[in-house]
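*Asks:* Take this structure first; my questions come after.
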Amino acid sequence: MPELPEVETIRRALIKNILHKKIKDVEIFSPKQFHGDITRVGGAKITGLRRKGKVLYLELANGLYLNFHLKMSGELLFGKKRNVTLKEYLPRTGTKSLPNKHTRIILNFDDGSALFFNDLRLFGWIKLTNKPAVPGGVDVLSKEFTAPYLLTVGRSTTRPIKILLMDQEKIAGIGNIYANDSLWEAKINPLRKAKTLTEVEINNLYKAIKKIIAEAIKYKGSSAQDEMYVMPDGQKGKYQNHFRVYHRTGKPCFRDKKIIVAIRMSGRGTFYCPTCQI
DNA sequence: CTGCGGTCCTGAAGGC
DNA sequence: TGCCTTCAGGACCGCA
């Protein structure tokens with residue numbers, strides 16, 4: 001599922017492709033996934049491409065914002081539109097021919113190129129708004145995200161630390177993969193109540209988050225088996241080859257060789273080493 | 001405030 | 001082989 005590293009990778013790739021281009025028109029095949037006045041998109045020039053948390057948004061010259069949330073299975077692919085008519089004959093996935101079976105919305109640019117919003121599970125969305133449709137939490141890559149900030153939000157709740165890390169209204173950008181791996185890196189059990197973490201543990205966790213997120217960006221995100229994420233050119237990320245605990249149930253911990261266990265927290269898979277994460 | 005369960009969806013995987 | 005059930009999950013919502 002695209003989290004901060006994946007969305008940031010997409011942003012950096014797309015900025016080269018679509019900045020300063022003019023949107024010719026929008027094709028919507030999945031009406032539930034587009035929110036806003038579509039008549040105000042055509043003709044708009046893209047003046048910026050930004051991100052907060054997991055939300056990517058285009059700044060348009062008409063003062064509006066076109067926001068994207070990929071949720072679990074969204075993809076943003078850049079390419080040239082192929083001449084296809086029958087949906088049944090579309091390939092299931094891939095960039096060799098676009099659109100494909102999972103294409104929900106297409107932004108056509110006036111130079112003949114296009115941006116394809118693909119989404120198998122239909123949970124993602126595109127919104128046209130007056131101001132960026134972004135979460136309220138502090139973005140992990142922003143200068144406001146500091147160890148003292150993490151200490152403040154940690155002290156403010158009795159919720160488990162893993163749930164706090166994934167709360168987009170407190171910290172924006174961390175999802176299930178990087179919450180699990182950051183907690184392993186910091187040797188902290190995901191079930192620990194946030195309030196009970198010491199200042200030393202918070203500092204370690206802060207450093208762990210910055211390290212894991214930077215490494216994930218370096219490897220251009222995670223494209224694990226059931227993760228749909230790919231870059232705008234269709235290439236996969238490589239952080240899945242560096243998972244600490246995520247999807248490593250039953251395998252030995254890289255620190256103490258004990259077996260990684262899986263539990264569920266708030267309906268989400270949670271992976272940790274029961275001996276070295278305390 | 002907190003947790004819990006349901007909801008949105010498709011398709012892979014597992015059971016028989 | 002094939003049908004049926006289960007499961008995965010980010011954000012949101014109603015409820016206790």
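We label chains A, B, ... in the order they appear in the structure tokens, count residues from 1 in each chain, and number ligands from 1 in the order shown.
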Distance limit 9 Å, atoms considered: only C-alpha atoms (C1' of nucleotides). Which chain A residues sit that close to chain B? Return them as a list in words.

*Replies:*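 Output check: Leu120, Arg121, Leu122, Phe123, Thr157, Thr158, Arg159, Asp226 and Ser266 of chain A.
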
*Asks:* In segment 37-215 of chain A, what's strand (DSSP E) per DSSP? Answer as an MDAnalysis selection string?

*Replies:* chainID A and resid 46:52 55:60 65:69 74:80 103:109 113:119 125:129 138:139 171:172

*Asks:* Output N, CA and C atoms for every residue in that selection, as a CSV table (one decimal), in the first residue's frame.

*Replies:*
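In the end it all went to result-v5.csv:
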```
chain,number,residue,atom,x,y,z
A,46,ILE,N,-0.6,22.9,-14.8
A,46,ILE,CA,0.0,22.3,-13.5
A,46,ILE,C,1.2,23.2,-13.1
A,47,THR,N,1.1,23.9,-12.0
A,47,THR,CA,2.1,24.8,-11.5
A,47,THR,C,3.0,24.2,-10.4
A,48,GLY,N,2.5,23.1,-9.8
A,48,GLY,CA,3.2,22.5,-8.7
A,48,GLY,C,2.7,21.0,-8.5
A,49,LEU,N,3.6,20.3,-7.9
A,49,LEU,CA,3.3,18.9,-7.6
A,49,LEU,C,3.9,18.6,-6.2
A,50,ARG,N,3.0,18.5,-5.2
A,50,ARG,CA,3.4,18.4,-3.8
A,50,ARG,C,2.8,17.2,-3.1
A,51,ARG,N,3.2,16.9,-1.9
A,51,ARG,CA,2.8,15.8,-1.1
A,51,ARG,C,2.7,16.1,0.4
A,52,LYS,N,1.7,15.7,1.0
A,52,LYS,CA,1.7,15.7,2.5
A,52,LYS,C,1.2,14.3,3.0
A,55,VAL,N,-0.9,11.8,0.7
A,55,VAL,CA,-1.7,12.5,-0.3
A,55,VAL,C,-0.8,13.3,-1.2
A,56,LEU,N,-1.0,13.1,-2.5
A,56,LEU,CA,-0.2,13.8,-3.6
A,56,LEU,C,-1.2,14.8,-4.2
A,57,TYR,N,-0.7,16.0,-4.4
A,57,TYR,CA,-1.7,17.0,-5.0
A,57,TYR,C,-1.0,17.9,-6.0
A,58,LEU,N,-1.7,18.2,-7.1
A,58,LEU,CA,-1.3,19.1,-8.1
A,58,LEU,C,-1.8,20.5,-7.8
A,59,GLU,N,-0.9,21.5,-7.9
A,59,GLU,CA,-1.4,22.9,-7.8
A,59,GLU,C,-1.7,23.3,-9.2
A,60,LEU,N,-2.8,23.9,-9.4
A,60,LEU,CA,-3.3,24.3,-10.7
A,60,LEU,C,-3.2,25.8,-10.9
A,65,TYR,N,-6.8,22.7,-6.5
A,65,TYR,CA,-5.9,21.6,-6.2
A,65,TYR,C,-6.5,20.3,-6.6
A,66,LEU,N,-5.7,19.5,-7.3
A,66,LEU,CA,-6.2,18.1,-7.7
A,66,LEU,C,-5.4,17.1,-6.8
A,67,ASN,N,-6.2,16.5,-5.9
A,67,ASN,CA,-5.6,15.7,-4.8
A,67,ASN,C,-5.7,14.2,-5.2
A,68,PHE,N,-4.7,13.4,-4.9
A,68,PHE,CA,-4.8,11.9,-5.1
A,68,PHE,C,-4.5,11.2,-3.9
A,69,HIS,N,-5.3,10.2,-3.5
A,69,HIS,CA,-5.0,9.2,-2.5
A,69,HIS,C,-5.1,7.8,-3.1
A,74,GLY,N,-3.9,1.8,-5.4
A,74,GLY,CA,-3.8,2.8,-6.5
A,74,GLY,C,-2.5,2.9,-7.1
A,75,GLU,N,-2.5,3.2,-8.4
A,75,GLU,CA,-1.2,3.4,-9.2
A,75,GLU,C,-1.4,4.7,-10.0
A,76,LEU,N,-0.3,5.5,-10.1
A,76,LEU,CA,-0.3,6.6,-11.1
A,76,LEU,C,0.8,6.3,-12.1
A,77,LEU,N,0.3,6.1,-13.3
A,77,LEU,CA,1.2,5.7,-14.4
A,77,LEU,C,1.2,6.8,-15.5
A,78,PHE,N,2.4,7.1,-15.9
A,78,PHE,CA,2.6,8.1,-16.9
A,78,PHE,C,2.9,7.5,-18.3
A,79,GLY,N,2.2,7.9,-19.3
A,79,GLY,CA,2.5,7.3,-20.6
A,79,GLY,C,1.7,7.9,-21.7
A,80,LYS,N,1.7,7.2,-22.8
A,80,LYS,CA,1.0,7.6,-24.0
A,80,LYS,C,-0.2,6.7,-24.1
A,103,THR,N,-7.7,0.7,-15.1
A,103,THR,CA,-7.6,2.2,-15.2
A,103,THR,C,-9.0,2.8,-14.9
A,104,ARG,N,-9.0,3.7,-13.9
A,104,ARG,CA,-10.3,4.3,-13.5
A,104,ARG,C,-10.5,5.7,-14.0
A,105,ILE,N,-9.4,6.5,-14.0
A,105,ILE,CA,-9.4,7.9,-14.4
A,105,ILE,C,-8.2,8.2,-15.3
A,106,ILE,N,-8.4,9.0,-16.3
A,106,ILE,CA,-7.2,9.4,-17.2
A,106,ILE,C,-7.2,10.9,-17.2
A,107,LEU,N,-6.0,11.5,-17.0
A,107,LEU,CA,-5.8,12.9,-17.2
A,107,LEU,C,-5.0,13.0,-18.5
A,108,ASN,N,-5.6,13.6,-19.5
A,108,ASN,CA,-4.9,13.8,-20.8
A,108,ASN,C,-4.3,15.2,-20.9
A,109,PHE,N,-3.0,15.2,-21.3
A,109,PHE,CA,-2.3,16.5,-21.4
A,109,PHE,C,-2.3,16.9,-22.9
A,113,SER,N,0.5,13.2,-24.0
A,113,SER,CA,0.8,12.3,-23.0
A,113,SER,C,-0.4,12.2,-22.0
A,114,ALA,N,-0.3,11.3,-21.1
A,114,ALA,CA,-1.5,11.1,-20.1
A,114,ALA,C,-1.0,10.5,-18.8
A,115,LEU,N,-1.8,10.8,-17.8
A,115,LEU,CA,-1.6,10.2,-16.4
A,115,LEU,C,-2.7,9.3,-16.2
A,116,PHE,N,-2.4,8.0,-15.9
A,116,PHE,CA,-3.4,7.0,-15.7
A,116,PHE,C,-3.5,6.7,-14.2
A,117,PHE,N,-4.7,6.8,-13.7
A,117,PHE,CA,-5.0,6.4,-12.3
A,117,PHE,C,-5.7,5.1,-12.3
A,118,ASN,N,-4.9,4.1,-11.9
A,118,ASN,CA,-5.3,2.7,-11.9
A,118,ASN,C,-5.6,2.3,-10.5
A,119,ASP,N,-6.6,1.4,-10.2
A,119,ASP,CA,-6.9,1.1,-8.8
A,119,ASP,C,-7.8,-0.2,-8.8
A,125,TRP,N,-8.9,7.8,-4.4
A,125,TRP,CA,-9.8,8.8,-4.9
A,125,TRP,C,-9.0,10.0,-5.5
A,126,ILE,N,-9.6,10.8,-6.3
A,126,ILE,CA,-9.1,12.0,-6.8
A,126,ILE,C,-10.1,13.1,-6.5
A,127,LYS,N,-9.6,14.2,-5.9
A,127,LYS,CA,-10.5,15.3,-5.4
A,127,LYS,C,-10.0,16.6,-6.0
A,128,LEU,N,-10.9,17.4,-6.5
A,128,LEU,CA,-10.6,18.8,-6.9
A,128,LEU,C,-11.1,19.7,-5.8
A,129,THR,N,-10.2,20.5,-5.2
A,129,THR,CA,-10.6,21.3,-4.0
A,129,THR,C,-10.0,22.7,-4.1
A,138,VAL,N,1.7,16.0,11.3
A,138,VAL,CA,3.0,16.6,10.8
A,138,VAL,C,3.6,15.6,9.9
A,139,ASP,N,4.0,16.0,8.7
A,139,ASP,CA,4.6,15.1,7.7
A,139,ASP,C,6.0,14.7,8.2
A,171,ILE,N,0.8,12.1,12.9
A,171,ILE,CA,2.0,12.0,12.1
A,171,ILE,C,1.5,11.5,10.7
A,172,ALA,N,1.9,12.3,9.7
A,172,ALA,CA,1.4,12.0,8.4
A,172,ALA,C,2.4,11.3,7.5
```

*Asks:* Using DSSP on the backbone coordinates, identify the residues of segment 42-258 of chain A assigned to alpha helix (DSSP H); present them as a PDB file with C-alpha atoms, in the first residue's frame.

*Replies:*
```
ATOM      1  CA  ALA A 147      11.971  14.055  18.488  1.00  0.00           C
ATOM      2  CA  PRO A 148      10.359  16.591  20.869  1.00  0.00           C
ATOM      3  CA  TYR A 149       7.225  16.537  18.704  1.00  0.00           C
ATOM      4  CA  LEU A 150       7.118  12.735  18.857  1.00  0.00           C
ATOM      5  CA  LEU A 151       7.564  12.937  22.628  1.00  0.00           C
ATOM      6  CA  THR A 152       4.670  15.398  22.897  1.00  0.00           C
ATOM      7  CA  VAL A 153       2.225  13.315  20.865  1.00  0.00           C
ATOM      8  CA  GLY A 154       3.452  10.154  22.622  1.00  0.00           C
ATOM      9  CA  ARG A 155       2.796  11.589  26.053  1.00  0.00           C
ATOM     10  CA  ILE A 161       2.455   3.208  19.935  1.00  0.00           C
ATOM     11  CA  LYS A 162       1.867   1.457  16.616  1.00  0.00           C
ATOM     12  CA  ILE A 163      -1.635   2.874  16.342  1.00  0.00           C
ATOM     13  CA  LEU A 164      -0.285   6.349  17.114  1.00  0.00           C
ATOM     14  CA  LEU A 165       2.401   6.080  14.422  1.00  0.00           C
ATOM     15  CA  ASN A 176       1.440  -0.426   8.255  1.00  0.00           C
ATOM     16  CA  ILE A 177       4.728  -1.437   6.621  1.00  0.00           C
ATOM     17  CA  TYR A 178       6.871   1.366   8.004  1.00  0.00           C
ATOM     18  CA  ALA A 179       5.199   1.391  11.437  1.00  0.00           C
ATOM     19  CA  ASN A 180       6.130  -2.285  11.852  1.00  0.00           C
ATOM     20  CA  ASP A 181       9.698  -1.878  10.589  1.00  0.00           C
ATOM     21  CA  SER A 182      10.371   1.344  12.527  1.00  0.00           C
ATOM     22  CA  LEU A 183       9.277  -0.283  15.797  1.00  0.00           C
ATOM     23  CA  TRP A 184      11.588  -3.228  15.166  1.00  0.00           C
ATOM     24  CA  GLU A 185      14.461  -0.855  14.404  1.00  0.00           C
ATOM     25  CA  GLU A 199      12.389   9.781  26.475  1.00  0.00           C
ATOM     26  CA  VAL A 200      15.267   7.526  25.394  1.00  0.00           C
ATOM     27  CA  GLU A 201      12.855   5.128  23.703  1.00  0.00           C
ATOM     28  CA  ILE A 202      11.091   8.021  21.932  1.00  0.00           C
ATOM     29  CA  ASN A 203      14.443   9.308  20.690  1.00  0.00           C
ATOM     30  CA  ASN A 204      15.342   5.858  19.409  1.00  0.00           C
ATOM     31  CA  LEU A 205      11.983   5.566  17.724  1.00  0.00           C
ATOM     32  CA  TYR A 206      12.378   8.969  16.112  1.00  0.00           C
ATOM     33  CA  LYS A 207      15.761   8.001  14.697  1.00  0.00           C
ATOM     34  CA  ALA A 208      14.349   4.635  13.574  1.00  0.00           C
ATOM     35  CA  ILE A 209      11.479   6.261  11.676  1.00  0.00           C
ATOM     36  CA  LYS A 210      13.815   8.692   9.904  1.00  0.00           C
ATOM     37  CA  LYS A 211      16.209   5.865   9.035  1.00  0.00           C
ATOM     38  CA  ILE A 212      13.539   3.471   7.751  1.00  0.00           C
ATOM     39  CA  ILE A 213      11.689   6.119   5.733  1.00  0.00           C
ATOM     40  CA  ALA A 214      14.952   7.399   4.190  1.00  0.00           C
ATOM     41  CA  GLU A 215      15.984   3.857   3.298  1.00  0.00           C
ATOM     42  CA  ALA A 216      12.568   3.118   1.788  1.00  0.00           C
ATOM     43  CA  ILE A 217      12.825   6.258  -0.365  1.00  0.00           C
ATOM     44  CA  LYS A 218      16.334   5.242  -1.394  1.00  0.00           C
TER      45      LYS A 218
END
```

*Asks:* Kindly assemble as a Markdown table a list of the chain C residues that lie within 12 Å of chain A, each paired with its nearest atom pair and their distance in Å to one decimal, using only C-alpha atoms (C1' of nucleotides), sorted first by chain and then by ascending residue number.

*Replies:*
```
| residue | atom | partner | partner_atom | distance |
| --- | --- | --- | --- | --- |
| C:DC7 | C1' | A:Gly267 | CA | 11.3 |
| C:DA8 | C1' | A:Asp226 | CA | 8.5 |
| C:DG9 | C1' | A:Met72 | CA | 6.6 |
| C:DG10 | C1' | A:Lys71 | CA | 5.6 |
| C:DA11 | C1' | A:Lys71 | CA | 8.5 |
| C:DC12 | C1' | A:Phe123 | CA | 11.9 |
```

*Asks:* Just the number, please: distance in Å from atom CA of Met265 of chain A to atom CA of Gly237 of chain A, one decimal.

*Replies:*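 Straight-line distance from atom CA of Met265 of chain A to atom CA of Gly237 of chain A works out to 26.3 Å.
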
*Asks:* Record the distance separating atom CA of Tyr246 of chain A and atom CA of Ile188 of chain A, expressed in Å with one decimal.

*Replies:* 14.5 Å
